[in-house]
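Below: coords07.txt (compact mmCIF, C-alpha atoms)
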```txt
# COMPACT_ATOMS: atom_id res chain seq x y z
CA LEU N 1 3.07 46.96 15.55
CA ALA N 2 3.22 44.89 12.41
CA LYS N 3 6.70 44.07 11.17
CA THR N 4 7.51 44.93 7.59
CA THR N 5 9.90 43.34 5.13
CA GLN N 6 11.21 45.14 2.06
CA PRO N 7 14.03 44.53 -0.40
CA ILE N 8 17.21 46.13 0.83
CA SER N 9 17.98 47.82 -2.45
CA MET N 10 16.78 48.25 -6.00
CA ASP N 11 18.29 49.72 -9.14
CA SER N 12 16.38 51.32 -11.97
CA TYR N 13 16.88 53.59 -14.95
CA GLU N 14 15.37 56.96 -15.65
CA GLY N 15 11.92 56.79 -17.17
CA GLN N 16 11.12 53.32 -15.87
CA GLU N 17 8.31 52.41 -13.54
CA VAL N 18 9.53 51.15 -10.19
CA ASN N 19 7.53 48.88 -7.95
CA ILE N 20 8.65 48.29 -4.38
CA THR N 21 6.83 45.58 -2.49
CA CYS N 22 6.49 45.40 1.26
CA SER N 23 5.38 42.36 3.23
CA HIS N 24 3.40 42.80 6.43
CA ASN N 25 1.94 39.42 7.22
CA ASN N 26 0.66 40.27 10.70
CA ILE N 27 -1.09 43.52 9.81
CA ALA N 28 -3.97 44.27 12.15
CA THR N 29 -7.48 45.30 11.23
CA ASN N 30 -6.97 48.91 12.31
CA ASP N 31 -3.58 49.30 10.65
CA TYR N 32 -2.89 51.65 7.77
CA ILE N 33 0.01 51.30 5.35
CA THR N 34 2.17 54.36 4.84
CA TRP N 35 5.20 54.95 2.65
CA TYR N 36 7.89 57.54 3.26
CA GLN N 37 10.82 58.75 1.20
CA GLN N 38 14.10 59.89 2.69
CA PHE N 39 16.98 61.67 1.01
CA PRO N 40 20.42 61.74 2.64
CA SER N 41 20.66 64.10 5.61
CA GLN N 42 16.96 64.95 5.46
CA GLY N 43 13.94 63.87 7.42
CA PRO N 44 11.52 61.39 5.85
CA ARG N 45 8.79 62.74 3.62
CA PHE N 46 5.29 61.29 3.39
CA ILE N 47 4.52 59.76 0.01
CA ILE N 48 1.25 57.90 0.25
CA GLN N 49 -1.03 56.08 2.62
CA GLY N 50 -3.73 53.48 2.15
CA TYR N 51 -5.89 50.92 3.87
CA LYS N 52 -7.02 48.66 1.04
CA THR N 53 -7.29 48.39 -2.75
CA LYS N 54 -5.56 51.17 -4.65
CA VAL N 55 -4.61 54.70 -3.78
CA THR N 56 -3.10 57.18 -6.21
CA ASN N 57 -1.76 60.66 -5.77
CA GLU N 58 0.38 62.99 -7.83
CA VAL N 59 3.61 61.17 -7.07
CA ALA N 60 2.81 57.49 -6.59
CA SER N 61 0.30 54.69 -6.46
CA LEU N 62 -0.18 52.20 -3.69
CA PHE N 63 -1.60 48.77 -4.41
CA ILE N 64 -2.96 46.70 -1.54
CA PRO N 65 -4.38 43.22 -2.15
CA ALA N 66 -7.52 42.02 -0.43
CA ASP N 67 -5.65 40.15 2.33
CA ARG N 68 -3.56 43.29 3.06
CA LYS N 69 -0.52 41.18 3.87
CA SER N 70 1.56 43.09 1.40
CA SER N 71 1.56 46.36 -0.46
CA THR N 72 3.33 47.74 -3.50
CA LEU N 73 4.50 51.28 -3.98
CA SER N 74 4.58 52.20 -7.65
CA LEU N 75 6.63 55.14 -8.86
CA PRO N 76 5.85 56.00 -12.49
CA ARG N 77 8.72 57.08 -14.75
CA VAL N 78 11.38 57.63 -12.13
CA SER N 79 14.05 60.27 -12.47
CA LEU N 80 17.50 60.62 -10.94
CA SER N 81 15.97 62.70 -8.15
CA ASP N 82 13.93 59.71 -7.01
CA THR N 83 17.12 58.08 -5.73
CA ALA N 84 16.35 57.74 -2.03
CA VAL N 85 15.42 55.30 0.68
CA TYR N 86 11.76 54.27 0.77
CA TYR N 87 10.17 53.06 3.96
CA CYS N 88 6.99 51.06 4.34
CA LEU N 89 5.27 51.45 7.69
CA VAL N 90 2.25 49.75 9.12
CA GLY N 91 0.35 50.84 12.18
CA ASP N 92 -2.78 52.01 13.88
CA ASP N 93 -3.26 55.52 12.57
CA THR N 94 -4.19 57.33 15.76
CA GLY N 95 -2.65 60.45 17.15
CA GLY N 96 -0.32 58.59 19.45
CA PHE N 97 0.76 56.10 16.83
CA LYS N 98 4.47 55.53 17.08
CA THR N 99 5.99 55.55 13.64
CA ILE N 100 8.41 52.65 13.72
CA PHE N 101 10.73 52.37 10.76
CA GLY N 102 11.98 49.17 9.20
CA ALA N 103 15.14 48.90 7.19
CA GLY N 104 13.72 50.53 4.07
CA THR N 105 14.56 50.04 0.40
CA ARG N 106 17.42 51.96 -1.09
CA LEU N 107 16.44 52.88 -4.65
CA PHE N 108 19.16 53.96 -7.02
CA VAL N 109 18.08 55.48 -10.32
CA LYS N 110 20.66 55.52 -13.06
CA ALA N 111 20.82 57.71 -16.13
CA GLY X 112 1.20 72.12 4.19
CA ALA X 113 2.17 71.35 7.73
CA VAL X 114 5.80 71.87 8.57
CA VAL X 115 7.94 70.61 11.37
CA SER X 116 11.11 72.56 11.87
CA GLN X 117 14.24 71.59 13.74
CA HIS X 118 16.99 73.82 14.99
CA PRO X 119 19.89 73.73 14.60
CA SER X 120 20.43 71.81 11.37
CA TRP X 121 23.89 70.86 12.48
CA VAL X 122 25.98 71.32 15.59
CA ILE X 123 29.49 70.48 16.66
CA CYS X 124 30.21 70.28 20.35
CA LYS X 125 33.01 69.24 22.62
CA SER X 126 32.88 65.99 24.50
CA GLY X 127 31.28 66.45 27.91
CA THR X 128 29.09 69.39 26.97
CA SER X 129 25.33 69.39 26.47
CA VAL X 130 23.43 70.21 23.31
CA LYS X 131 19.81 71.21 22.92
CA ILE X 132 17.82 70.50 19.76
CA GLU X 133 14.47 72.17 19.17
CA CYS X 134 11.54 70.77 17.25
CA ARG X 135 8.63 73.00 16.35
CA SER X 136 5.35 72.33 14.63
CA LEU X 137 4.84 75.51 12.65
CA ASP X 138 1.19 75.50 11.66
CA PHE X 139 -0.47 72.94 13.86
CA GLN X 140 -0.50 71.87 17.48
CA ALA X 141 1.11 68.61 18.42
CA THR X 142 0.39 67.03 21.77
CA THR X 143 2.77 64.25 20.83
CA MET X 144 6.11 64.45 19.11
CA PHE X 145 8.66 61.75 18.44
CA TRP X 146 12.43 61.79 18.49
CA TYR X 147 14.57 59.53 16.33
CA ARG X 148 18.24 58.87 15.90
CA GLN X 149 19.77 57.70 12.65
CA PHE X 150 23.29 56.45 12.10
CA PRO X 151 24.85 56.40 8.62
CA LYS X 152 23.32 53.86 6.24
CA GLN X 153 20.83 52.80 8.89
CA SER X 154 17.16 53.31 9.43
CA LEU X 155 15.58 55.69 11.91
CA MET X 156 15.47 54.42 15.46
CA LEU X 157 12.72 55.73 17.69
CA MET X 158 14.20 57.10 20.88
CA ALA X 159 11.25 58.54 22.73
CA THR X 160 7.75 59.91 22.57
CA SER X 161 7.42 63.47 23.78
CA ASN X 162 4.12 64.28 25.47
CA GLU X 163 2.97 67.85 26.03
CA GLY X 164 2.64 68.57 29.71
CA SER X 165 3.89 65.21 30.91
CA LYS X 166 6.97 63.05 30.98
CA ALA X 167 8.39 61.60 27.83
CA THR X 168 8.16 57.90 27.16
CA TYR X 169 11.50 56.36 26.27
CA GLU X 170 12.10 53.30 24.16
CA GLN X 171 13.96 50.38 25.67
CA GLY X 172 17.66 50.97 25.85
CA VAL X 173 17.48 54.76 25.61
CA GLU X 174 18.88 56.54 28.66
CA LYS X 175 16.36 59.09 29.84
CA ASP X 176 18.92 60.94 31.95
CA LYS X 177 21.17 61.36 28.96
CA PHE X 178 18.53 62.39 26.46
CA LEU X 179 16.34 64.90 28.24
CA ILE X 180 13.07 65.70 26.54
CA ASN X 181 10.85 68.65 27.34
CA HIS X 182 7.53 69.31 25.67
CA ALA X 183 6.47 72.55 27.30
CA SER X 184 3.99 73.74 24.70
CA LEU X 185 1.82 72.35 21.95
CA THR X 186 4.28 73.46 19.30
CA LEU X 187 7.69 72.87 20.84
CA SER X 188 9.62 69.86 22.02
CA THR X 189 13.30 69.92 22.91
CA LEU X 190 15.87 67.15 23.11
CA THR X 191 18.96 67.81 25.20
CA VAL X 192 21.89 65.47 24.81
CA THR X 193 23.68 65.76 28.12
CA SER X 194 27.39 65.15 28.61
CA ALA X 195 27.74 64.30 24.95
CA HIS X 196 30.39 61.85 23.81
CA PRO X 197 31.62 60.96 20.33
CA GLU X 198 29.35 57.91 20.21
CA ASP X 199 26.37 60.29 20.48
CA SER X 200 27.29 61.75 17.11
CA SER X 201 24.34 61.02 14.89
CA PHE X 202 21.48 62.47 12.89
CA TYR X 203 18.56 63.35 15.15
CA ILE X 204 15.10 63.74 13.67
CA CYS X 205 11.82 64.75 15.24
CA SER X 206 8.30 64.24 13.99
CA ALA X 207 4.78 65.27 14.85
CA ARG X 208 1.46 63.92 13.72
CA ARG X 209 -1.34 66.15 12.63
CA GLY X 210 -4.91 65.04 13.06
CA GLN X 211 -7.01 63.24 15.61
CA GLY X 212 -8.03 59.68 14.89
CA GLY X 213 -8.95 58.70 11.36
CA PHE X 214 -6.28 59.83 8.98
CA THR X 215 -3.24 61.37 10.61
CA GLU X 216 -0.07 62.24 8.83
CA ALA X 217 3.38 62.30 10.37
CA PHE X 218 5.58 65.24 9.47
CA PHE X 219 9.30 65.15 10.02
CA GLY X 220 11.81 67.85 10.73
CA GLN X 221 14.80 68.27 8.50
CA GLY X 222 17.04 66.66 11.07
CA THR X 223 19.98 67.81 13.17
CA ARG X 224 23.46 66.52 12.51
CA LEU X 225 25.30 66.29 15.84
CA THR X 226 29.04 65.83 15.84
CA VAL X 227 30.78 65.43 19.17
CA VAL X 228 34.53 65.98 19.10
```

I'd like the structure from this file rewritten - as structure tokens, please.
Amino acid sequence: LAKTTQPISMDSYEGQEVNITCSHNNIATNDYITWYQQFPSQGPRFIIQGYKTKVTNEVASLFIPADRKSSTLSLPRVSLSDTAVYYCLVGDDTGGFKTIFGAGTRLFVKA
Amino acid sequence: GAVVSQHPSWVICKSGTSVKIECRSLDFQATTMFWYRQFPKQSLMLMATSNEGSKATYEQGVEKDKFLINHASLTLSTLTVTSAHPEDSSFYICSARRGQGGFTEAFFGQGTRLTVV
């Protein structure tokens, strides 16, 4: 399983765009990149997943360069409720894929 | 969407007793479920992989006799913390993946806060 490296914490203000970058230098050909969000005392929640280039859904965008050794989660116009821990995970996306969590990035959104 | 439900959400037990936590996939079948433990301000640590109809696979350092896992059906996995001690107090989370090959998405339960007194 590819190891991931993320900033430990980030601060932002309401209404700003937040970009969280994750490094995964030894990503394998079959690996997907998935981001999860976790609020205190709750289970993680899926945000977005991608393999290459750009993926966008209703809550975020995921940018993946051609070499796939990093990825950036982009949260447009964050609000106070986006304060959470964000985890970047990399792995082979099969049914038995063990979801191994790294340290995550603690995002704190201020008013 | 798919939902994974845990029960109970929180439990307090006396030292030396056993506690069972249930994890259910509500609208899909899960041949594999995962159990995690999370201490305050830390990330989730994978404890074991629960396999329907067979023995669970434990991660290194996790005592299988202390954390008993049973996956008796395609929608239910249970984690029993046996002879619990205060150091077992933690937030336990289960997850299940939906899908076969290609794109699969992991869904997580809401977690169970265990406090051993």

Problem - chain X contacts on chain N, all atoms listed in the file, 12 Å, as a ChimeraX atom specification - result: /N:8-9,30-51,84-89,91-106

Problem - Non-local contacts of Asp67 in chain N (10 Å; all atoms listed in the file; under 4 positions in same chain excluded) as number ranges by chain - result: N: 25, 27, 52-53, 71

Practice task
Write out as a list in words the residues lying within 7 Å of Ser12 in chain N, counting all atoms listed in the file and excluding same-chain residues fewer than 4 positions away.
Solution key: Gln16, Phe108, Val109 and Lys110 of chain N

Exercise for the section: Can you work out the spacing between CA of Val228 in chain X and CA of Asn181 in chain X in Å, to one decimal? Expected result: 25.2 Å

Exercise for the section: Using only C-alpha atoms, collect all residues at a distance of at most 7 Å from (3.4, 55.8, -6.6) as written in the file, then present them as an MDAnalysis selection string. Expected result: chainID N and resid 56 59:62 73:76

Take the residues just selected and output them with C-alpha atoms as an mmCIF file, keeping the file's coordinate frame.
```cif
data_model
loop_
_atom_site.group_PDB
_atom_site.id
_atom_site.type_symbol
_atom_site.label_atom_id
_atom_site.label_comp_id
_atom_site.auth_asym_id
_atom_site.auth_seq_id
_atom_site.Cartn_x
_atom_site.Cartn_y
_atom_site.Cartn_z
ATOM 1 C CA THR N 56 -3.100 57.180 -6.210
ATOM 2 C CA VAL N 59 3.610 61.170 -7.070
ATOM 3 C CA ALA N 60 2.810 57.490 -6.590
ATOM 4 C CA SER N 61 0.300 54.690 -6.460
ATOM 5 C CA LEU N 62 -0.180 52.200 -3.690
ATOM 6 C CA LEU N 73 4.500 51.280 -3.980
ATOM 7 C CA SER N 74 4.580 52.200 -7.650
ATOM 8 C CA LEU N 75 6.630 55.140 -8.860
ATOM 9 C CA PRO N 76 5.850 56.000 -12.490
#
```

Practice task
Considering all atoms listed in the file, state which residue in the set N:Lys69, N:Leu80, N:Val55, N:Thr5 is at the smallest distance from Asn26 in chain N.
Solution key: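 With all atoms listed in the file as the atom set, the closest residue is N:Lys69.
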
Problem - Separation of CA of Ser116 in chain X from CA of Phe139 in chain X, in Å and rounded to one decimal - result: 11.8 Å
